[in-house]
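Peer 1: Handing you this structure, nothing more for now.
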There are 4 protein chains.
Amino acid sequence: MKNAPDWIARSVSRLRSAPPDAADKTVPPAASAKAAAAPRTTHDRLQATLRRGQEALSPRALRRVLTDLQAVIQPRTSELEGGRRAQVVADWYAQAQPAERHDLWLLMCEQFAPDATRFQSARQRYEAAAGTEEEGQAEITLRRALVSPRTRLLQRFAVFPEGMRFLVDLRAELLPHLKSDKRLLALDAELEHLFSTWFDVAFLELRRLSWDSPASLIEKLIKYEAVHDIRSWADLKNRLDSDRRCYGFFHPRLPNEPLIFVEVALVDSISSSITPLLDEAAAPTDISRASTAIFYSISNTQTGLRGVSFGDSLIKHVVETLCAEFPRLRTFATLSPIPGFRAWLGKNAPAMLNRFSDKQRAELAREVGAEPLQAPALLAAADKALALEPKSALRQWLLQCAAHYLARELPDGKPIDPVARFHLGNGARVERLNWAGDPSSKGQKQSYGLMVNYLYDLKRIDKHRSLLAQGKVPASKDIESLCP
Amino acid sequence: MKNAPDWIARSVSRLRSAPPDAADKTVPPAASAKAAAAPRTTHDRLQATLRRGQEALSPRALRRVLTDLQAVIQPRTSELEGGRRAQVVADWYAQAQPAERHDLWLLMCEQFAPDATRFQSARQRYEAAAGTEEEGQAEITLRRALVSPRTRLLQRFAVFPEGMRFLVDLRAELLPHLKSDKRLLALDAELEHLFSTWFDVAFLELRRLSWDSPASLIEKLIKYEAVHDIRSWADLKNRLDSDRRCYGFFHPRLPNEPLIFVEVALVDSISSSITPLLDEAAAPTDISRASTAIFYSISNTQTGLRGVSFGDSLIKHVVETLCAEFPRLRTFATLSPIPGFRAWLGKNAPAMLNRFSDKQRAELAREVGAEPLQAPALLAAADKALALEPKSALRQWLLQCAAHYLARELPDGKPIDPVARFHLGNGARVERLNWAGDPSSKGQKQSYGLMVNYLYDLKRIDKHRSLLAQGKVPASKDIESLCP
Amino acid sequence: MKNAPDWIARSVSRLRSAPPDAADKTVPPAASAKAAAAPRTTHDRLQATLRRGQEALSPRALRRVLTDLQAVIQPRTSELEGGRRAQVVADWYAQAQPAERHDLWLLMCEQFAPDATRFQSARQRYEAAAGTEEEGQAEITLRRALVSPRTRLLQRFAVFPEGMRFLVDLRAELLPHLKSDKRLLALDAELEHLFSTWFDVAFLELRRLSWDSPASLIEKLIKYEAVHDIRSWADLKNRLDSDRRCYGFFHPRLPNEPLIFVEVALVDSISSSITPLLDEAAAPTDISRASTAIFYSISNTQTGLRGVSFGDSLIKHVVETLCAEFPRLRTFATLSPIPGFRAWLGKNAPAMLNRFSDKQRAELAREVGAEPLQAPALLAAADKALALEPKSALRQWLLQCAAHYLARELPDGKPIDPVARFHLGNGARVERLNWAGDPSSKGQKQSYGLMVNYLYDLKRIDKHRSLLAQGKVPASKDIESLCP
Amino acid sequence: MKNAPDWIARSVSRLRSAPPDAADKTVPPAASAKAAAAPRTTHDRLQATLRRGQEALSPRALRRVLTDLQAVIQPRTSELEGGRRAQVVADWYAQAQPAERHDLWLLMCEQFAPDATRFQSARQRYEAAAGTEEEGQAEITLRRALVSPRTRLLQRFAVFPEGMRFLVDLRAELLPHLKSDKRLLALDAELEHLFSTWFDVAFLELRRLSWDSPASLIEKLIKYEAVHDIRSWADLKNRLDSDRRCYGFFHPRLPNEPLIFVEVALVDSISSSITPLLDEAAAPTDISRASTAIFYSISNTQTGLRGVSFGDSLIKHVVETLCAEFPRLRTFATLSPIPGFRAWLGKNAPAMLNRFSDKQRAELAREVGAEPLQAPALLAAADKALALEPKSALRQWLLQCAAHYLARELPDGKPIDPVARFHLGNGARVERLNWAGDPSSKGQKQSYGLMVNYLYDLKRIDKHRSLLAQGKVPASKDIESLCP
């Protein structure tokens, strides 16, 4: 910082005062040899940003937006006034073009980073204090040095009435750009960090969604349902019928949006097919006698909250709530899709074939009418899986492959199928495969129509989790015996 | 504790070895030459704790509590389960002795600190990445390394129904011990940091408190009122009468507690005395004609939220709300105590005397009947300030000293009087001194019965703040002309 | 039933002998010559009922139901217990056959009539007291003598939770039988009387229905909409869009049912066609600039409340509410069907033709291609009214007939068209006829697609009503000039 | 008023000629010989009113008020507009003098009576129709003829927001005048009739009143408590403590007023004294173990609703509610005052003495020190009842007299004590007398400090009522054995 104070002061005062145009590009050409060691100031960052000259906004506009942003966290401003100024930026954003929004993200990232000088001195003090009485105070100072101006900036955006909505939507828009523009990572991380604090389970409210809920609210189930599309209001009404329950987590600052919701059917035994559950004409079960709760759909609704997980707590909370209302309930299970199975088998069919005995392979070859037996022929025949007879060798092979896929494939120590990863991570076990459980075209495309039940055995949640941590998928005997 | 350190250390280190954070086991056996460079592990910290042997709990009990705490953030535990386990600790705490509670605080501080090894490597990466594309990612890693296990621990305590109450009360209990035990600073800082996030103005709701509010709620006004004690339900009812407004900030997790509240009287002109405002027999003003809102009492209620400031936002929010309801309101001012004046004058009377002319001092001497004039005699005479005639020289002197105290004394760049510091910091100005504004014995003890109005001139809030930032107290002409 | 009348009569009279109302046992020993003079006792009535022997229920069942009914108003029973006993009868009713329900109605009618003896003595006292100090007391006694046991009976049915629903539904079921069975009139009248007291406007609450209302509630709009059918949830959502308002009257004992509701569009000028109002794709108006509120649909929902009128109060209440929310609104008008026009013209076309000049008739003949001009040919041509050119003589003729129909036809001193009768009775005037206002097949069937606006001119409501009371329909100049 | 009756009468009759009810103008020119036979028209009534000339209002003012009243039920006026006009009268009433208010009552009574002509013809038709098919219709016509214009008038007063409050207060003001002015009876009866319909239990809501209720609401308990005065907010808080319940009936049109409320203590056994229940310092019972609910205070709040009884339903409803919340509750009883005992004994002591044996009387004489034993001496000694020893003969005598008073004195077939009449009428029995149950001065004045428990034995409610209907008070063995 020593060598630059003068021109820095000048350029900043220029930026903040009058039409800037070209001036800010005149940056000292090369960073010194000790670039890594020297702390980078906010000023340096701005220069770097401007040097690129890739912005959609004119320098004048860019400067104005930056000024508006800085006003938000102006130190003598109350939170309420800061919120009002944040709303000015949000209003601008609402009518801005995508490329202009991208400029805003970069400004937020690069101009509001932690103060490197302050961090470095705090870090030195922290390390010097290790083991002494000063350690606590030093930790505090260090943590404060890392509270970036960006944090305060985002906190002010949460203040105005639609501010939380704004931030969640902003991140949803930002996420697809992270791969192509690493500079945005810090903003994303800051948002994720804030969201994980603000949307901590401690601040969520479990609410039942029913046919007596506002139409504008349950309409969102149609919009957000991610597993089995809701085709109409009649379909929706059926899912909120007397033998169903639907619960969502809500946050006080997004009061009309479920952050996640789960659809539950109260039935007599573990469901093997989604068809009767979605049949609008089916008579409702007598819920006073129901023994089993089937979780047949779980959907996250806010892309912008990626990385903040609600699902596990939601399921546990719903199980508790159901137990209180229906003391007869004994079994809690899902009826779940296997979204990655067909794609996985497309790549792994040859390897899977090797796991089978000659006899089985001969039967398969006979049934498919292709000798020598080859994966492509098998997969082609599987296109018509729903038509297969119960005794079909191909059907048996598909079931066994699916069992293997769910119970044996843990490439990174975790189940490969995303739905399996979620439920097994929560402490469930793989319970049963259901042939033709989802005969819809989506079901066929994902998993040849197969569905799976995950069982939540309340007494074994911890045990199941320990097993999984050791790299072993908890599964029923049926599933185990299917694995080739 | 003396006889047990070893096995406790062992068992605790064992307890911590299973979780993924287990890296700390591999401690460099001997600290390197420079202690500052060597990271201190959790293990080291525990050793240090135990070596002191000052705990109130038996080693066995200490271990059990630690185990319970670790269970809360056990990585495979859902937030909900974590919350339940936190409640177990809270239940134990509820019946623990003060010294045992102190043990818990220390465990929370010392056994759940950030991971030093992880921090050091994240810090190195961060510094190396400066100016490169990696900078964003490195910032993220660094910030995560500083998220102490303590943070997660406290977050889980917020999950169970009375958890937020527990944390706020815990900090209130902890605060008085910070001076004598610096080790607790980190826990306090962590709590303050979490509270400032959780209780951000974005998450507070402004609610009116009225005579139609639950009795159990407004009863708390009696409990928490800090400026003018509420003597009875009749007094309370008077303060919630038709010409009064009372507003408080509420948080969703502490729904039955105002965090701060302000009492407002709607009147015709700036009030000069608290007496008519507290007169239960006085007829209410016709509020449809009121021109002036007087903020005559502001009270924080939660000691445990110290450092999280609500007052400024509350006042601004209330002003907005009042403007919407009463478009005729033109003037917003306080009627405030001057709590530190008398004590300050006790020390500074001689210096103040020097600021006065010989003539004035002669009058004072005559009036007091003490020649040569000395401070003690003046102060003794001031004991009966309320009885002084309007033309009394002593009365004039007290008023001038008070004006000086409010408008000129800024030892650390901020007003010395705590109430002045608050309102001036919010952008108000010193408007008027009121002789005998508070004739109660408390009023006399604090300020010889003097009260002051601070004026919130909505158009000059920013200007006033700028002035103050330059070390100049904004004040009315009357006040300026009083300053000796 | 034939063989049992005697013992039924006995057992019933025994049943009724204990209660204090037992006066009826002491039947005047010999009926006087004129039956009309002799009061008929409850006992006589029962005999008469049984003598007919037309009941669907067996004598035993009939007796049991009667006993159950009597238990409801047993004098030593509290209202709450009476309500519980009424629920027993309601439960029986829920599973009874139509003919059995008819039996219950007759029992309610005939066995719980006012006590004739008591009435006669009260009447004599009343007439004797005329002009004396006793008059007030005598009026009281007389009114009490007319409070039939039936009144108390029905009041008890209102006590149990679903009781009001039961009574309203019972009357809806009863109404179609009144013509064929005059004996039921008294029960109907008693219900109507009670309903008009219970559902007095004083006890109704105006509530807005919006897309934020419970789905189960607004679903009822689909069910009850009587003017322009709601075809889908998209149609419904359009009618609850930001430029619409929908209000209903609700009663505390039927909390989830609007008793009547009105749909309003906020627009720039008086609407001339229903088509854009029902167009789901149309962009909503900017309501902050709307000058005109169009009431385009009003529907009663409860057949069982026939004779209890809400419409007038609803419209006045909604006008007030809209004025408060939208101070710019200047014009309040309807866009209404003319449901009886086509049927009326079918009968009155020849007479109407006579009102037209020879020239007009010649033009009509030419256009229709039928000489000599005759009504049937005209009406046949009118089948394709929607295709008529603006200058068509037939179109002009239809408009003139409609103007006459609305503004001149008052057979019983009231407008002949039911919708006209309602709005004109409320003080509106006929404002404008709209060609092709409702091109739906229903619109064509009712009125050749014509619609009409009634204007609610708030300053002339009383004046319009006075005019109508004098037999003159208030109408705009345009309508007047159309009348042939 | 003297000089004006004629023109007033004329103008008023003119005023009334326009409305449809104008039939009354056509008075039969010559009254028949028997006044009773000739119907009295509204006109006659007005004449009669004016002839008296006792009004406080000037003729002009009287006419204006009458015009305002008539406008309320003007037939072409909607209910809402009628309500608005009623409010005009209510506003006038609010500022009127007592005597002027009395004028309004008379106008309401006399100028809005049923139409005698219409009544007579309806009556004749009704009697002619007896036994024919026309009977039902004739009953309807008759009932309608008795619906006085006064009914409609009062119904409109119920429409405006504070209208129900107005009517209830009006009747409370009217009641004390009934004895001295019989003309007001009809208005009172009409109000009572309307109130008994409007405030039917079917329309009341049972709500719990607790320390979490609005202060403005529970403040009313202090105001209305009629049995044991609430002395302070601390007393009130004690009665709403965790081991207490307080319930009230509420009506939708008087939302902030309990119509009646009951205070209940949850205890271990039947309470024998009010003292511990009102002891603010007493620790609350563990309600999870309570076996007994003690109703220790029931208060009606609205004088204006006299004759509309809520108490029986309230107690039954509260018992149900308590049973649902506390399944362990087995015993429901009161702890009640005996308000009439002392006054009754003052008159009946000699007669009571005669019921005692010579031996008892001798003991009494000895204890009192008065021979021969005379009632006055006994009563004088009883003044210090609270000081009597357990074995005192006088104490025993008082207990026996009280037992007799409660269980044997039924002058008109009903218990003489008003509280006994209420609870026994509800089906309770006299359970136990409690010496010094209420040692307050009020308790001593009413009943020498005695209190009584009435037991609600849910299985014997009906049986107890039957007993009472036979003139026998249900009582415990203890009470029976006490009766002399």
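Note on naming: chains are A, B, ... as they come in the structure tokens, residues start from 1 per chain, ligands start from 1 in the order shown.
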Please provide the set of residues having any atom within 6 Å of region 99-102 of chain A, restricted to only C-alpha atoms, with same-chain residues fewer than 3 positions apart removed, written as a VMD selection string.
Peer 2: chain A and resid 56 to 57 96 105
Peer 1: Write out, as CSV, each residue of chain B that has an atom at most 7 Å from chain D, together with the closest pair of atoms and their distance in Å to one decimal, counting only C-alpha atoms, rows going by chain and rising number.
Peer 2:
residue,atom,partner,partner_atom,distance
B:Trp211,CA,D:Ser216,CA,5.5
B:Asp212,CA,D:Pro214,CA,4.7
B:Ser213,CA,D:Pro214,CA,4.7
B:Pro214,CA,D:Pro214,CA,4.0
B:Ala215,CA,D:Ala215,CA,4.5
B:Ser216,CA,D:Asp212,CA,5.2
Peer 1: Store the residues picked out above in a file with N, CA and C atoms, as a tab-separated table (two decimals), in the first residue's frame.
Peer 2:
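New file result_38.tsv:
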chain	number	residue	atom	x	y	z
B	211	TRP	N	-53.74	-1.11	25.58
B	211	TRP	CA	-54.54	-1.67	26.66
B	211	TRP	C	-55.32	-2.90	26.18
B	212	ASP	N	-55.39	-3.10	24.86
B	212	ASP	CA	-56.03	-4.30	24.32
B	212	ASP	C	-55.03	-5.44	24.13
B	213	SER	N	-53.77	-5.22	24.46
B	213	SER	CA	-52.79	-6.31	24.38
B	213	SER	C	-52.96	-7.25	25.56
B	214	PRO	N	-52.43	-8.47	25.43
B	214	PRO	CA	-52.54	-9.41	26.55
B	214	PRO	C	-51.96	-8.83	27.85
B	215	ALA	N	-52.66	-9.06	28.94
B	215	ALA	CA	-52.18	-8.58	30.23
B	215	ALA	C	-50.78	-9.10	30.52
B	216	SER	N	-50.55	-10.38	30.16
B	216	SER	CA	-49.24	-10.98	30.44
B	216	SER	C	-48.14	-10.27	29.66
Peer 1: So which residues of region 208-426 of chain B fall under helix (DSSP H, G or I) by DSSP, listed as a PyMOL selection string?
Peer 2: chain B and resi 215-224+233-239+274-277+287-289+303-305+311-325+341-354+358-368+375-382+385-387+393-408+418-425
Peer 1: Would you please extract all strand (DSSP E or B) residues from region 158-393 of chain A, as assigned by DSSP on the backbone, and give them as an MDAnalysis selection string?
Peer 2: chainID A and resid 205:208 214 244:251 254 260:267 292:300 331:334 336
Peer 1: Give me a file of those residues, with N, CA and C atoms, as an mmCIF file, in the first residue's frame.
Peer 2:
data_model
loop_
_atom_site.group_PDB
_atom_site.id
_atom_site.type_symbol
_atom_site.label_atom_id
_atom_site.label_comp_id
_atom_site.auth_asym_id
_atom_site.auth_seq_id
_atom_site.Cartn_x
_atom_site.Cartn_y
_atom_site.Cartn_z
ATOM 1 N N GLU A 205 -41.031 -22.795 10.274
ATOM 2 C CA GLU A 205 -42.282 -23.237 10.883
ATOM 3 C C GLU A 205 -42.874 -24.332 10.007
ATOM 4 N N LEU A 206 -43.217 -25.441 10.622
ATOM 5 C CA LEU A 206 -43.894 -26.502 9.874
ATOM 6 C C LEU A 206 -45.367 -26.167 9.802
ATOM 7 N N ARG A 207 -45.902 -26.112 8.578
ATOM 8 C CA ARG A 207 -47.329 -25.844 8.449
ATOM 9 C C ARG A 207 -47.968 -26.883 7.551
ATOM 10 N N ARG A 208 -49.175 -27.234 7.893
ATOM 11 C CA ARG A 208 -49.899 -28.151 7.026
ATOM 12 C C ARG A 208 -50.509 -27.367 5.870
ATOM 13 N N PRO A 214 -54.970 -21.050 1.488
ATOM 14 C CA PRO A 214 -55.231 -20.109 0.398
ATOM 15 C C PRO A 214 -54.931 -20.716 -0.976
ATOM 16 N N ARG A 244 -54.837 -37.770 2.982
ATOM 17 C CA ARG A 244 -53.519 -37.277 2.632
ATOM 18 C C ARG A 244 -53.097 -36.198 3.633
ATOM 19 N N ARG A 245 -51.809 -35.978 3.674
ATOM 20 C CA ARG A 245 -51.293 -34.845 4.419
ATOM 21 C C ARG A 245 -50.203 -34.206 3.584
ATOM 22 N N CYS A 246 -50.128 -32.936 3.655
ATOM 23 C CA CYS A 246 -49.059 -32.225 2.965
ATOM 24 C C CYS A 246 -48.512 -31.197 3.939
ATOM 25 N N TYR A 247 -47.184 -31.212 4.127
ATOM 26 C CA TYR A 247 -46.570 -30.284 5.062
ATOM 27 C C TYR A 247 -45.438 -29.528 4.376
ATOM 28 N N GLY A 248 -45.253 -28.316 4.784
ATOM 29 C CA GLY A 248 -44.145 -27.546 4.255
ATOM 30 C C GLY A 248 -43.451 -26.775 5.356
ATOM 31 N N PHE A 249 -42.199 -26.402 5.105
ATOM 32 C CA PHE A 249 -41.472 -25.506 6.002
ATOM 33 C C PHE A 249 -41.643 -24.077 5.485
ATOM 34 N N PHE A 250 -41.936 -23.152 6.386
ATOM 35 C CA PHE A 250 -42.104 -21.746 6.020
ATOM 36 C C PHE A 250 -41.161 -20.885 6.843
ATOM 37 N N HIS A 251 -40.769 -19.776 6.243
ATOM 38 C CA HIS A 251 -39.904 -18.830 6.935
ATOM 39 C C HIS A 251 -40.656 -17.510 7.104
ATOM 40 N N LEU A 254 -40.518 -15.130 4.193
ATOM 41 C CA LEU A 254 -41.081 -15.552 2.900
ATOM 42 C C LEU A 254 -42.417 -16.238 3.205
ATOM 43 N N ILE A 260 -39.926 -26.072 1.192
ATOM 44 C CA ILE A 260 -39.882 -27.482 0.810
ATOM 45 C C ILE A 260 -41.203 -28.056 1.256
ATOM 46 N N PHE A 261 -41.706 -29.039 0.545
ATOM 47 C CA PHE A 261 -42.941 -29.675 1.019
ATOM 48 C C PHE A 261 -42.929 -31.155 0.691
ATOM 49 N N VAL A 262 -43.679 -31.876 1.483
ATOM 50 C CA VAL A 262 -43.743 -33.323 1.312
ATOM 51 C C VAL A 262 -45.212 -33.734 1.251
ATOM 52 N N GLU A 263 -45.516 -34.691 0.366
ATOM 53 C CA GLU A 263 -46.877 -35.207 0.250
ATOM 54 C C GLU A 263 -46.925 -36.612 0.838
ATOM 55 N N VAL A 264 -47.898 -36.843 1.674
ATOM 56 C CA VAL A 264 -47.980 -38.101 2.410
ATOM 57 C C VAL A 264 -49.344 -38.742 2.178
ATOM 58 N N ALA A 265 -49.351 -40.043 1.970
ATOM 59 C CA ALA A 265 -50.613 -40.790 1.899
ATOM 60 C C ALA A 265 -50.710 -41.697 3.112
ATOM 61 N N LEU A 266 -51.906 -41.745 3.721
ATOM 62 C CA LEU A 266 -52.125 -42.636 4.858
ATOM 63 C C LEU A 266 -52.812 -43.874 4.336
ATOM 64 N N VAL A 267 -52.154 -45.000 4.482
ATOM 65 C CA VAL A 267 -52.632 -46.232 3.837
ATOM 66 C C VAL A 267 -52.514 -47.422 4.787
ATOM 67 N N THR A 292 -49.889 -46.952 7.991
ATOM 68 C CA THR A 292 -48.669 -46.650 7.250
ATOM 69 C C THR A 292 -48.749 -45.267 6.621
ATOM 70 N N ALA A 293 -47.665 -44.534 6.749
ATOM 71 C CA ALA A 293 -47.574 -43.236 6.080
ATOM 72 C C ALA A 293 -46.569 -43.351 4.957
ATOM 73 N N ILE A 294 -47.023 -43.035 3.753
ATOM 74 C CA ILE A 294 -46.134 -43.117 2.585
ATOM 75 C C ILE A 294 -45.778 -41.699 2.121
ATOM 76 N N PHE A 295 -44.497 -41.386 2.159
ATOM 77 C CA PHE A 295 -44.010 -40.108 1.638
ATOM 78 C C PHE A 295 -43.792 -40.307 0.151
ATOM 79 N N TYR A 296 -44.685 -39.770 -0.670
ATOM 80 C CA TYR A 296 -44.574 -40.089 -2.094
ATOM 81 C C TYR A 296 -44.081 -38.928 -2.947
ATOM 82 N N SER A 297 -43.775 -37.814 -2.321
ATOM 83 C CA SER A 297 -43.202 -36.715 -3.099
ATOM 84 C C SER A 297 -42.584 -35.694 -2.152
ATOM 85 N N ILE A 298 -41.358 -35.309 -2.417
ATOM 86 C CA ILE A 298 -40.694 -34.245 -1.649
ATOM 87 C C ILE A 298 -40.084 -33.284 -2.652
ATOM 88 N N SER A 299 -40.398 -32.014 -2.537
ATOM 89 C CA SER A 299 -39.888 -31.038 -3.504
ATOM 90 C C SER A 299 -39.321 -29.818 -2.797
ATOM 91 N N ASN A 300 -38.096 -29.466 -3.158
ATOM 92 C CA ASN A 300 -37.563 -28.169 -2.782
ATOM 93 C C ASN A 300 -38.125 -27.130 -3.729
ATOM 94 N N THR A 331 -45.681 -47.620 10.454
ATOM 95 C CA THR A 331 -44.674 -47.692 9.405
ATOM 96 C C THR A 331 -44.573 -46.369 8.656
ATOM 97 N N PHE A 332 -43.346 -45.912 8.486
ATOM 98 C CA PHE A 332 -43.103 -44.692 7.724
ATOM 99 C C PHE A 332 -42.150 -45.029 6.593
ATOM 100 N N ALA A 333 -42.636 -44.863 5.373
ATOM 101 C CA ALA A 333 -41.801 -45.235 4.235
ATOM 102 C C ALA A 333 -42.062 -44.287 3.088
ATOM 103 N N THR A 334 -41.177 -44.325 2.116
ATOM 104 C CA THR A 334 -41.386 -43.504 0.931
ATOM 105 C C THR A 334 -41.852 -44.407 -0.214
ATOM 106 N N SER A 336 -40.549 -43.913 -3.885
ATOM 107 C CA SER A 336 -39.625 -42.961 -4.514
ATOM 108 C C SER A 336 -39.234 -43.381 -5.928
#
Peer 1: Would you list the contacts of Asn453 (chain B) as a PyMOL selection string, taking every protein, DNA or RNA residue within 8 Å and counting only C-alpha atoms, but skipping same-chain residues closer than 4 positions in sequence?
Peer 2: chain B and resi 270+272+333-336+430-434
Peer 1: Show which residues sit within 12 Å of Leu170 (chain D), as a list in words. Count only C-alpha atoms, and ignore same-chain residues fewer than 4 positions away.
Peer 2: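 Contacts, with the query itself left out: Ala90, Tyr93, Ala94, Pro98, Arg101, His102, Leu104, Trp105, Met108, Leu154, Phe157, Gly163, Met164, Arg165, Phe166, Leu174, Leu175, Pro176, His177, Leu187, Asp188, Leu191, Glu192, Gln302, Thr303, Gly304 and Leu305 of chain D.
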Peer 1: Do a neighbour search on Ala377 (chain B) at 10 Å with only C-alpha atoms, toss out local chain neighbours closer than 6 positions, and write the hits as a PDB file with all heavy atoms, in the first residue's frame.
Peer 2:
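Output (part.pdb):
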ATOM      1  N   ALA B 365     -21.779  33.627  44.603  1.00  0.00           N
ATOM      2  CA  ALA B 365     -21.271  33.661  45.972  1.00  0.00           C
ATOM      3  C   ALA B 365     -22.286  34.321  46.897  1.00  0.00           C
ATOM      4  O   ALA B 365     -22.586  33.814  47.995  1.00  0.00           O
ATOM      5  CB  ALA B 365     -19.951  34.417  46.019  1.00  0.00           C
ATOM      6  N   VAL B 368     -25.322  32.020  47.412  1.00  0.00           N
ATOM      7  CA  VAL B 368     -25.031  30.847  48.235  1.00  0.00           C
ATOM      8  C   VAL B 368     -24.579  31.265  49.627  1.00  0.00           C
ATOM      9  O   VAL B 368     -24.639  30.477  50.580  1.00  0.00           O
ATOM     10  CB  VAL B 368     -23.955  29.988  47.537  1.00  0.00           C
ATOM     11  CG1 VAL B 368     -23.606  28.784  48.368  1.00  0.00           C
ATOM     12  CG2 VAL B 368     -24.445  29.574  46.159  1.00  0.00           C
ATOM     13  N   GLY B 369     -24.116  32.495  49.720  1.00  0.00           N
ATOM     14  CA  GLY B 369     -23.660  32.965  51.020  1.00  0.00           C
ATOM     15  C   GLY B 369     -22.313  32.375  51.402  1.00  0.00           C
ATOM     16  O   GLY B 369     -22.083  32.081  52.571  1.00  0.00           O
ATOM     17  N   ALA B 370     -21.455  32.154  50.428  1.00  0.00           N
ATOM     18  CA  ALA B 370     -20.154  31.547  50.729  1.00  0.00           C
ATOM     19  C   ALA B 370     -19.068  32.304  49.991  1.00  0.00           C
ATOM     20  O   ALA B 370     -19.023  32.269  48.753  1.00  0.00           O
ATOM     21  CB  ALA B 370     -20.146  30.070  50.288  1.00  0.00           C
ATOM     22  N   GLU B 371     -18.262  33.007  50.748  1.00  0.00           N
ATOM     23  CA  GLU B 371     -17.159  33.716  50.127  1.00  0.00           C
ATOM     24  C   GLU B 371     -15.878  33.335  50.845  1.00  0.00           C
ATOM     25  O   GLU B 371     -15.831  33.355  52.086  1.00  0.00           O
ATOM     26  CB  GLU B 371     -17.366  35.228  50.243  1.00  0.00           C
ATOM     27  CG  GLU B 371     -18.734  35.666  49.832  1.00  0.00           C
ATOM     28  CD  GLU B 371     -18.730  36.832  48.828  1.00  0.00           C
ATOM     29  OE1 GLU B 371     -17.656  37.113  48.242  1.00  0.00           O
ATOM     30  OE2 GLU B 371     -19.782  37.425  48.633  1.00  0.00           O
TER      31      GLU B 371
END
Peer 1: Using Å and a single decimal, report how far CA of Ala145 (chain A) sits from CA of Thr117 (chain A).
Peer 2: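 Atom-to-atom, CA of Thr117 (chain A) to CA of Ala145 (chain A), that is 9.1 Å.
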Peer 1: List as an MDAnalysis selection string the protein and nucleic acid residues near region 469-474 of chain C, meaning an atom at most 6 Å away when only C-alpha atoms are counted, but skip any in the same chain fewer than 2 places from it.
Peer 2: chainID C and resid 407 413 429 464 466:467
